[in-house]
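One structure below.
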Amino acid sequence: MSKAKEEKPNNVLLAIEDDAGIQKQLKWCFEDYQVVVAGDRETAIKELRRYEPSVVTLDLGLPPDPANATEGLRTLEEILSLAPQTKVVVVTGNDDRENAVKAIGMGAYDFYQKPIDVEILGLIIDRAFRLRALEDENQRLSLNIGEMPLDGVIASSQKMLKICRTIEKVAPTDVTTLLLGESGTGKEVLAKALHNMSPRKDKAFIAINCAAIPENLLESELFGYEKGAFTGAVKQTKGKIEYADGGTFFLDEIGDLPMALQAKLLRFLQERTIERIGGRMEIPIDVRVLCATHQDLKKLIEAGLFREDLYYRLTEITVDIPPLKERDGDVVLIARAILNRCAQKHNKAVKNFTTDALDAMTAYSWPGNIRELENKINRAVIMADGKQVSAEDLELDNELEGQSTMPFNLKEVRESAEGDVIRRAMNYAEGNVSKTAELLGVTRPTLYSLMGKYGIVEVE
Ligand SMILES: Nc1ncnc2c1ncn2[C@@H]1O[C@H](COP(=O)(O)OP(=O)(O)OP(=O)(O)O)[C@@H](O)[C@H]1O
Ligand SMILES: [Mg+2]
């Protein structure tokens, strides 16, 4: 399937109809569209995959048993699971309101009762095409909006926008900056963004992860060594700090830097010169130092594991990166961007999330932050059957499940609040119904009926 075809809503109308006469009639009448016909479920699904029609008309009475809507409803279900954005107009028998309503409940866009009046059916179909085009456009816009306040950083929450402004302000300076944040919150992304906005952007950005390198190797990684400095030092080797000369040096997981090296690093920050292991020469180095950790350095200081003097050297500016769950609205924004990237990577036509999936992602606590979000979506894209990632595909272990996000529908909000208040009053009155009714200002019968409505049982 070509990219262009995937991105633009097409003008294909798939008419699923077993009556050859009506098939012909539809072809004639809807010449503005490319009408493709299918007479049974199997052909319909084949054509759906092939043409990706924007709109489908579906006669619910399909063979093998045209008098019965079973095959039609099954076809509808398959279409919506394979291509959920498709607008399906269900065509039913004259007196088959029940199945029409059922189909709408399953996600059909509209229904139309036979006999066919092409003019009216035409209006419904035109409207379905227009709506589909609008929805596609809307999705395209929401995917492309420039919600990238910094290079590689997607955000729209107040908290993150404030952080981005801080980064912008400190970027042109040379102050040592500490990025604090849980694992996966984007410490490295922000460090790179800072470098890319600094006057050093055309020079090296060198990162070293203090937690990933064994203690005995870390010193030579940082400072380099002279030939013969130790067994195995067969030639003079520059350290990472030296490689970063002129650019930015990023010390990741600084909380894991062993005490002995903390002293050496402190000396470097004061003198701005290094000495390779086994060397006698002081080499001046010009680097901007950034560092990051997910640990609480103050606690490490109290525990005697981190030098206080080094702490003050490193924290000329501290940027506290909030966990993902505290960034209002960012989850969905970042998730959409990741979905696009993963779909391209795996060459899959997955385009968006179901409402359930969006709710589940918003409610989830994301202990692994954006890194976890990436992993979950990557997996879901691989698993997804249709064009949408469902809550199920994401496999979020949602401890908040059922509580989900705040519904927008007023009736739902009212009902959910009502149920909560009754439960609270019940607890307050220690299960006594009369007392609860009194607290709530309703009569006992009213309370009983509300308890029935919300499935609240009386505690003995
Ligand atoms: N605001 C953001 N928008 C888009 N992608 C982001 C954002 N923040 C982080 N990412 C992505 O999330 C992943 C984790 O980010 P990064 O490596 O910067 O986090 P970290 O805090 O250094 O994590 P760790 O503690 O695991 O080292 C990366 O793949 C990064 O591209
Ligand atoms: Mg990192």
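Note on naming: chains are A, B, ... as they come in the structure tokens, residues start from 1 per chain, ligands start from 1 in the order shown.
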Can I get the residues of chain A within 9 Å of ligand 1, each with the closest pair of atoms and their distance in Å to one decimal, using only C-alpha atoms and all ligand atoms, sorted chain first then ascending number, as a Markdown table?
```
| residue | atom | partner | partner_atom_place_in_ligand_line | distance |
| --- | --- | --- | --- | --- |
| A:Met148 | CA | ligand 1 | 3 (N) | 7.7 |
| A:Leu150 | CA | ligand 1 | 1 (N) | 8.6 |
| A:Gly152 | CA | ligand 1 | 4 (C) | 5.9 |
| A:Val153 | CA | ligand 1 | 1 (N) | 3.8 |
| A:Ile154 | CA | ligand 1 | 3 (N) | 3.7 |
| A:Ala155 | CA | ligand 1 | 1 (N) | 5.5 |
| A:Met160 | CA | ligand 1 | 1 (N) | 8.0 |
| A:Leu179 | CA | ligand 1 | 21 (O) | 8.8 |
| A:Leu180 | CA | ligand 1 | 21 (O) | 8.3 |
| A:Gly181 | CA | ligand 1 | 21 (O) | 6.2 |
| A:Glu182 | CA | ligand 1 | 25 (O) | 6.1 |
| A:Ser183 | CA | ligand 1 | 25 (O) | 3.1 |
| A:Gly184 | CA | ligand 1 | 23 (O) | 3.3 |
| A:Thr185 | CA | ligand 1 | 21 (O) | 4.1 |
| A:Gly186 | CA | ligand 1 | 18 (O) | 3.1 |
| A:Lys187 | CA | ligand 1 | 21 (O) | 3.8 |
| A:Glu188 | CA | ligand 1 | 18 (O) | 3.6 |
| A:Val189 | CA | ligand 1 | 18 (O) | 3.9 |
| A:Leu190 | CA | ligand 1 | 18 (O) | 6.5 |
| A:Ala191 | CA | ligand 1 | 18 (O) | 7.8 |
| A:Lys192 | CA | ligand 1 | 18 (O) | 8.5 |
| A:Asn209 | CA | ligand 1 | 27 (O) | 8.6 |
| A:Asp252 | CA | ligand 1 | 27 (O) | 7.6 |
| A:Glu253 | CA | ligand 1 | 27 (O) | 7.9 |
| A:Ala292 | CA | ligand 1 | 22 (O) | 7.8 |
| A:Thr293 | CA | ligand 1 | 25 (O) | 7.5 |
| A:His294 | CA | ligand 1 | 25 (O) | 6.6 |
| A:Ile321 | CA | ligand 1 | 21 (O) | 8.6 |
| A:Leu324 | CA | ligand 1 | 8 (N) | 8.8 |
| A:Asp330 | CA | ligand 1 | 1 (N) | 8.0 |
| A:Leu333 | CA | ligand 1 | 3 (N) | 8.5 |
| A:Ile334 | CA | ligand 1 | 4 (C) | 5.6 |
| A:Ala335 | CA | ligand 1 | 4 (C) | 8.5 |
| A:Ala337 | CA | ligand 1 | 4 (C) | 7.6 |
| A:Ile338 | CA | ligand 1 | 5 (N) | 7.6 |
| A:Gly368 | CA | ligand 1 | 26 (O) | 7.9 |
| A:Asn369 | CA | ligand 1 | 12 (O) | 7.7 |
| A:Ile370 | CA | ligand 1 | 12 (O) | 4.5 |
| A:Arg371 | CA | ligand 1 | 13 (C) | 4.4 |
| A:Glu372 | CA | ligand 1 | 12 (O) | 8.1 |
| A:Leu373 | CA | ligand 1 | 12 (O) | 7.9 |
| A:Glu374 | CA | ligand 1 | 12 (O) | 6.8 |
```
From a DSSP pass on the backbone, collect the residues of region 21-169 of chain A flagged as strand (DSSP E) and hand them back as an MDAnalysis selection string.
-> chainID A and resid 34:38 55:59 87:92 110:113
I need the chosen residues saved as an mmCIF file, in the first residue's frame, with C-alpha atoms.
```cif
data_model
loop_
_atom_site.group_PDB
_atom_site.id
_atom_site.type_symbol
_atom_site.label_atom_id
_atom_site.label_comp_id
_atom_site.auth_asym_id
_atom_site.auth_seq_id
_atom_site.Cartn_x
_atom_site.Cartn_y
_atom_site.Cartn_z
ATOM 1 C CA GLN A 34 -15.188 5.365 -6.958
ATOM 2 C CA VAL A 35 -17.810 2.723 -6.203
ATOM 3 C CA VAL A 36 -16.514 -0.763 -5.441
ATOM 4 C CA VAL A 37 -19.105 -3.502 -4.875
ATOM 5 C CA ALA A 38 -19.006 -6.710 -2.882
ATOM 6 C CA VAL A 55 -17.255 5.114 3.439
ATOM 7 C CA VAL A 56 -19.042 1.767 3.243
ATOM 8 C CA THR A 57 -22.722 0.991 2.690
ATOM 9 C CA LEU A 58 -23.578 -2.348 4.206
ATOM 10 C CA ASP A 59 -26.755 -4.270 3.531
ATOM 11 C CA LYS A 87 -17.915 5.404 8.102
ATOM 12 C CA VAL A 88 -20.336 2.527 7.694
ATOM 13 C CA VAL A 89 -23.900 3.295 6.598
ATOM 14 C CA VAL A 90 -26.014 0.269 7.359
ATOM 15 C CA VAL A 91 -28.861 -0.515 4.990
ATOM 16 C CA THR A 92 -31.667 -2.542 6.541
ATOM 17 C CA ASP A 110 -25.742 5.824 10.311
ATOM 18 C CA PHE A 111 -28.496 3.619 8.956
ATOM 19 C CA TYR A 112 -30.872 3.746 6.092
ATOM 20 C CA GLN A 113 -34.037 1.714 5.603
#
```
Write out as a PyMOL selection string the residues lying within 6 Å of region 213-227 of chain A, counting only C-alpha atoms and excluding same-chain residues fewer than 4 positions away.
-> chain A and resi 233-241+276-279
Any idea what's packed within 10 Å of Arg74 (chain A), counting only C-alpha atoms, ignoring anything in its chain fewer than 4 positions away? Could you give it as a PyMOL selection string?
-> chain A and resi 41+60+69-70+78-79+103
Considering only C-alpha atoms, return as an NGL selection string whatever protein or nucleic-acid residues lie within 10 Å of Glu326 (chain A), sequence-local ones (same chain, fewer than 3 positions apart) excluded.
-> :A and (157 or 159-160 or 321-323 or 329-331 or 365-366)
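Distance check against ligand 2 using only C-alpha atoms and all ligand atoms: of A:Ile456, A:Leu396, A:Ala391, A:Cys291, the minimum falls on A:Cys291.
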To one decimal in Å, tell me the separation between CA of Thr231 (chain A) and CA of Phe268 (chain A).
->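 It comes out at 25.2 Å.
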